Amino acid sequence: MSSPQPDLAAHLRYNEPAVQARSLHRFFRDGDRETLALREVSLVVHRGELVAVVGPSGSGKSTLLGCLAGIDEPNGGSVHIAGHRMTQEPEQARARLRASRIGLLFQSGNLIDHLTVEQNVALVQGLVDRPRRRDRGALLHSLGVAGRARAYPSELSGGELARAGLAVALANQPVVLLADEPTGELDMATEVLVLELLRTVAESGTGVLVASHSPAVASAADRVIRLADGQVGS
């Protein structure tokens, strides 16, 4: 059988799930004690979806996001990002895939303090080839922080910090955005702002997966995945 034509191959690749995990299993050892963090967790997030992962502290949410991002390697199961295998690959390959296909948004720490907003975005864009990069000015303008491009994180308001952090996450046009408690330290007004931005990101064709305790995040999501003791519940 001949290989798909370039345009058909691109179409098929676009229709792959943004992220797909099958039967993820992760445990940690402390001496003779073994802690199961993930137990046969499977999920799919499609482009254009906003999906929330909810559960109490210790349920495995952050471990799950770490495995999906290739920051942590599961003990079993597989992760694919837009059809590209993430698990059981060398760290260098995982890092390349993470930089070019995944946006990461954290509760804190998305910005480096001694760099301006624009420099933070440029730093992330320097990790990938030019075709994946978004125009910095256009990106900052779309998120309403173009006027703060030369400001340092300490000079930004809460809402500006949220927008600038999202700019860093979106710098390389990711197919999936993984957000870990992105509204955990925000006031209600800023949380609403962040959720509106995440909805806009999803509507642009990116798959968005948010791990959170917040009822507002669950309410804003298209689907909710519930974790308890490392397992997907009903």
# chains A, B, ... in the order shown; residues from 1 in each chain; ligands from 1

call {"tool": "residues_around", "arguments": {"residues": "Arg226 (chain A)", "least_positions_apart": "5", "cutoff": "12 Å", "atoms": "only C-alpha atoms", "output": "ChimeraX atom specification"}}
result
/A:41-43,51-56,59-61,64,210-213,218,231-234

call {"tool": "closest_atom_pairs", "arguments": {"of": "region 105-147 of chain A", "to": "region 80-101 of chain A", "cutoff": "9 Å", "atoms": "only C-alpha atoms", "output": "tab-separated table"}}
result
residue	atom	partner	partner_atom	distance
A:Val124	CA	A:Ala99	CA	7.7
A:Gln125	CA	A:Ala99	CA	8.4
A:Leu127	CA	A:Ala99	CA	6.4
A:Val128	CA	A:Ser100	CA	6.0
A:Asp129	CA	A:Ser100	CA	8.3
A:Arg132	CA	A:Ser100	CA	6.7
A:Arg133	CA	A:Ser100	CA	8.6

call {"tool": "write_last_selection", "arguments": {"atoms": "N, CA and C atoms", "output": "short mmCIF file (atom, residue, chain, number, x, y, z; two decimals), in the first residue's frame"}}
result
data_model
loop_
_atom_site.label_atom_id
_atom_site.label_comp_id
_atom_site.auth_asym_id
_atom_site.auth_seq_id
_atom_site.Cartn_x
_atom_site.Cartn_y
_atom_site.Cartn_z
N VAL A 124 10.84 30.14 25.35
CA VAL A 124 10.14 28.89 25.01
C VAL A 124 10.18 28.65 23.50
N GLN A 125 10.05 29.71 22.73
CA GLN A 125 10.07 29.54 21.27
C GLN A 125 11.45 29.12 20.76
N LEU A 127 13.10 26.79 21.77
CA LEU A 127 13.24 25.35 21.92
C LEU A 127 12.80 24.57 20.69
N VAL A 128 12.13 25.24 19.74
CA VAL A 128 11.59 24.52 18.57
C VAL A 128 11.99 25.22 17.28
N ASP A 129 11.79 24.51 16.17
CA ASP A 129 12.06 25.09 14.86
C ASP A 129 11.05 26.18 14.56
N ARG A 132 6.94 26.07 13.98
CA ARG A 132 5.99 25.86 15.07
C ARG A 132 5.71 27.12 15.86
N ARG A 133 6.50 28.15 15.69
CA ARG A 133 6.38 29.33 16.54
C ARG A 133 5.22 30.23 16.12
#

call {"tool": "residues_around", "arguments": {"residues": "Ser154 (chain A)", "least_positions_apart": "4", "cutoff": "12 Å", "atoms": "only C-alpha atoms", "output": "list in words"}}
result
Leu111, Ile112, Asp113, His114, Leu115, Thr116, Val117, Arg148, Arg150, Gly158, Glu160, Leu161 and Ala164 of chain A

call {"tool": "residues_around", "arguments": {"residues": "Leu65 (chain A)", "least_positions_apart": "6", "cutoff": "9 Å", "atoms": "only C-alpha atoms", "output": "list of chain:residue names"}}
result
A:Ile71, A:Asp72, A:Leu178, A:Ala179, A:Asp180, A:Leu209, A:Val210, A:Ala211

call {"tool": "write_last_selection", "arguments": {"atoms": "C-alpha atoms", "output": "PDB file, in the first residue's frame"}}
result
ATOM      1  CA  ILE A  71       7.997  14.757  32.425  1.00  0.00           C
ATOM      2  CA  ASP A  72       7.370  11.504  34.299  1.00  0.00           C
ATOM      3  CA  LEU A 178      -2.062  20.709  30.030  1.00  0.00           C
ATOM      4  CA  ALA A 179      -2.927  22.921  32.982  1.00  0.00           C
ATOM      5  CA  ASP A 180      -2.250  21.953  36.605  1.00  0.00           C
ATOM      6  CA  LEU A 209      -6.925  19.307  29.875  1.00  0.00           C
ATOM      7  CA  VAL A 210      -7.163  21.009  33.269  1.00  0.00           C
ATOM      8  CA  ALA A 211      -6.462  19.330  36.611  1.00  0.00           C
TER       9      ALA A 211
END

call {"tool": "select_by_dssp", "arguments": {"residues": "region 128-205 of chain A", "states": "strand (DSSP E)", "output": "PyMOL selection string"}}
result
chain A and resi 176-180

call {"tool": "write_last_selection", "arguments": {"atoms": "N, CA and C atoms", "output": "PDB file, in the first residue's frame"}}
result
ATOM      1  N   VAL A 176      -2.070  20.311  22.385  1.00  0.00           N
ATOM      2  CA  VAL A 176      -2.755  20.102  23.651  1.00  0.00           C
ATOM      3  C   VAL A 176      -2.157  21.028  24.702  1.00  0.00           C
ATOM      4  N   LEU A 177      -3.019  21.592  25.531  1.00  0.00           N
ATOM      5  CA  LEU A 177      -2.607  22.418  26.662  1.00  0.00           C
ATOM      6  C   LEU A 177      -2.927  21.647  27.935  1.00  0.00           C
ATOM      7  N   LEU A 178      -1.909  21.393  28.755  1.00  0.00           N
ATOM      8  CA  LEU A 178      -2.062  20.709  30.030  1.00  0.00           C
ATOM      9  C   LEU A 178      -1.906  21.728  31.144  1.00  0.00           C
ATOM     10  N   ALA A 179      -2.935  21.895  31.939  1.00  0.00           N
ATOM     11  CA  ALA A 179      -2.927  22.921  32.982  1.00  0.00           C
ATOM     12  C   ALA A 179      -3.121  22.270  34.347  1.00  0.00           C
ATOM     13  N   ASP A 180      -2.204  22.537  35.263  1.00  0.00           N
ATOM     14  CA  ASP A 180      -2.250  21.953  36.605  1.00  0.00           C
ATOM     15  C   ASP A 180      -2.634  23.028  37.614  1.00  0.00           C
TER      16      ASP A 180
END

call {"tool": "atom_distance", "arguments": {"atom1": "CA of His141 (chain A)", "atom2": "CA of Asn15 (chain A)"}}
result
28.8 Å

call {"tool": "closest_residue", "arguments": {"among": "A:Ser142, A:Asn75, A:Asn120, A:Thr183", "to": "Ala216 (chain A)", "atoms": "only C-alpha atoms"}}
result
A:Thr183

call {"tool": "residues_around", "arguments": {"residues": "Gly126 (chain A)", "least_positions_apart": "4", "cutoff": "10 Å", "atoms": "only C-alpha atoms", "output": "MDAnalysis selection string"}}
result
chainID A and resid 99 121:122 130 133 171:172

call {"tool": "write_last_selection", "arguments": {"atoms": "N, CA and C atoms", "output": "mmCIF file, in the first residue's frame"}}
result
data_model
loop_
_atom_site.group_PDB
_atom_site.id
_atom_site.type_symbol
_atom_site.label_atom_id
_atom_site.label_comp_id
_atom_site.auth_asym_id
_atom_site.auth_seq_id
_atom_site.Cartn_x
_atom_site.Cartn_y
_atom_site.Cartn_z
ATOM 1 N N ALA A 99 8.107 20.181 23.714
ATOM 2 C CA ALA A 99 8.314 21.574 23.330
ATOM 3 C C ALA A 99 7.484 21.963 22.117
ATOM 4 N N VAL A 121 8.373 34.424 26.520
ATOM 5 C CA VAL A 121 7.807 33.761 25.344
ATOM 6 C C VAL A 121 8.925 33.367 24.383
ATOM 7 N N ALA A 122 9.883 34.276 24.176
ATOM 8 C CA ALA A 122 10.991 34.006 23.260
ATOM 9 C C ALA A 122 11.820 32.816 23.730
ATOM 10 N N ARG A 130 11.429 27.094 13.714
ATOM 11 C CA ARG A 130 10.614 28.266 13.413
ATOM 12 C C ARG A 130 9.185 27.962 12.971
ATOM 13 N N ARG A 133 6.498 28.153 15.686
ATOM 14 C CA ARG A 133 6.377 29.326 16.544
ATOM 15 C C ARG A 133 5.215 30.227 16.124
ATOM 16 N N ALA A 171 3.027 29.501 23.114
ATOM 17 C CA ALA A 171 4.044 30.111 22.248
ATOM 18 C C ALA A 171 4.353 29.292 21.004
ATOM 19 N N ASN A 172 4.258 27.957 21.107
ATOM 20 C CA ASN A 172 4.641 27.100 19.988
ATOM 21 C C ASN A 172 3.459 26.368 19.364
#

call {"tool": "closest_residue", "arguments": {"among": "A:Ala221, A:Leu104, A:Gly184, A:Gly147", "to": "Leu166 (chain A)", "atoms": "only C-alpha atoms"}}
result
A:Leu104

call {"tool": "residues_around", "arguments": {"residues": "Glu118 (chain A)", "least_positions_apart": "6", "cutoff": "9 Å", "atoms": "only C-alpha atoms", "output": "PyMOL selection string"}}
result
chain A and resi 136-137+140+146+148-151+164+168

call {"tool": "write_last_selection", "arguments": {"atoms": "N, CA and C atoms", "output": "PDB file, in the first residue's frame"}}
result
ATOM      1  N   ARG A 136       5.197  36.508  18.116  1.00  0.00           N
ATOM      2  CA  ARG A 136       5.105  36.938  19.520  1.00  0.00           C
ATOM      3  C   ARG A 136       4.171  38.122  19.702  1.00  0.00           C
ATOM      4  N   GLY A 137       4.323  39.124  18.823  1.00  0.00           N
ATOM      5  CA  GLY A 137       3.482  40.303  18.968  1.00  0.00           C
ATOM      6  C   GLY A 137       2.013  39.974  18.819  1.00  0.00           C
ATOM      7  N   LEU A 140       0.769  38.003  21.991  1.00  0.00           N
ATOM      8  CA  LEU A 140       0.553  38.868  23.159  1.00  0.00           C
ATOM      9  C   LEU A 140      -0.638  39.789  22.948  1.00  0.00           C
ATOM     10  N   ALA A 146      -0.054  42.835  25.036  1.00  0.00           N
ATOM     11  CA  ALA A 146       0.976  43.399  24.152  1.00  0.00           C
ATOM     12  C   ALA A 146       1.603  44.646  24.763  1.00  0.00           C
ATOM     13  N   ARG A 148       2.249  45.122  27.751  1.00  0.00           N
ATOM     14  CA  ARG A 148       3.078  44.766  28.905  1.00  0.00           C
ATOM     15  C   ARG A 148       4.228  43.849  28.500  1.00  0.00           C
ATOM     16  N   ALA A 149       4.555  43.827  27.222  1.00  0.00           N
ATOM     17  CA  ALA A 149       5.574  42.918  26.707  1.00  0.00           C
ATOM     18  C   ALA A 149       6.924  43.119  27.378  1.00  0.00           C
ATOM     19  N   ARG A 150       7.254  44.356  27.738  1.00  0.00           N
ATOM     20  CA  ARG A 150       8.558  44.644  28.334  1.00  0.00           C
ATOM     21  C   ARG A 150       8.511  44.696  29.855  1.00  0.00           C
ATOM     22  N   ALA A 151       7.386  44.313  30.431  1.00  0.00           N
ATOM     23  CA  ALA A 151       7.248  44.312  31.884  1.00  0.00           C
ATOM     24  C   ALA A 151       7.755  42.994  32.462  1.00  0.00           C
ATOM     25  N   ALA A 164      -0.129  36.384  30.638  1.00  0.00           N
ATOM     26  CA  ALA A 164       1.255  36.209  30.214  1.00  0.00           C
ATOM     27  C   ALA A 164       1.685  34.744  30.351  1.00  0.00           C
ATOM     28  N   VAL A 168       3.000  32.072  27.296  1.00  0.00           N
ATOM     29  CA  VAL A 168       4.145  31.157  27.308  1.00  0.00           C
ATOM     30  C   VAL A 168       3.696  29.743  26.926  1.00  0.00           C
TER      31      VAL A 168
END

call {"tool": "closest_atom_pairs", "arguments": {"of": "region 55-99 of chain A", "to": "region 24-27 of chain A", "cutoff": "8 Å", "atoms": "only C-alpha atoms", "output": "JSON lines"}}
result
{"residue": "A:Pro74", "atom": "CA", "partner": "A:Arg26", "partner_atom": "CA", "distance": 5.0}
{"residue": "A:Asn75", "atom": "CA", "partner": "A:Arg26", "partner_atom": "CA", "distance": 5.1}
{"residue": "A:Gly76", "atom": "CA", "partner": "A:His25", "partner_atom": "CA", "distance": 4.8}
{"residue": "A:Gly77", "atom": "CA", "partner": "A:Leu24", "partner_atom": "CA", "distance": 4.3}
{"residue": "A:Ser78", "atom": "CA", "partner": "A:Leu24", "partner_atom": "CA", "distance": 6.4}

call {"tool": "closest_residue", "arguments": {"among": "A:Ala21, A:Val201, A:Ala228, A:Leu143", "to": "Arg47 (chain A)", "atoms": "only C-alpha atoms"}}
result
A:Val201

call {"tool": "atom_distance", "arguments": {"atom1": "CA of Pro17 (chain A)", "atom2": "CA of Val175 (chain A)"}}
result
9.1 Å

call {"tool": "select_by_dssp", "arguments": {"residues": "region 38-199 of chain A", "states": "alpha helix (DSSP H)", "output": "number ranges by chain"}}
result
A: 61-68, 91-101, 117-125, 136-142, 158-169, 188-199
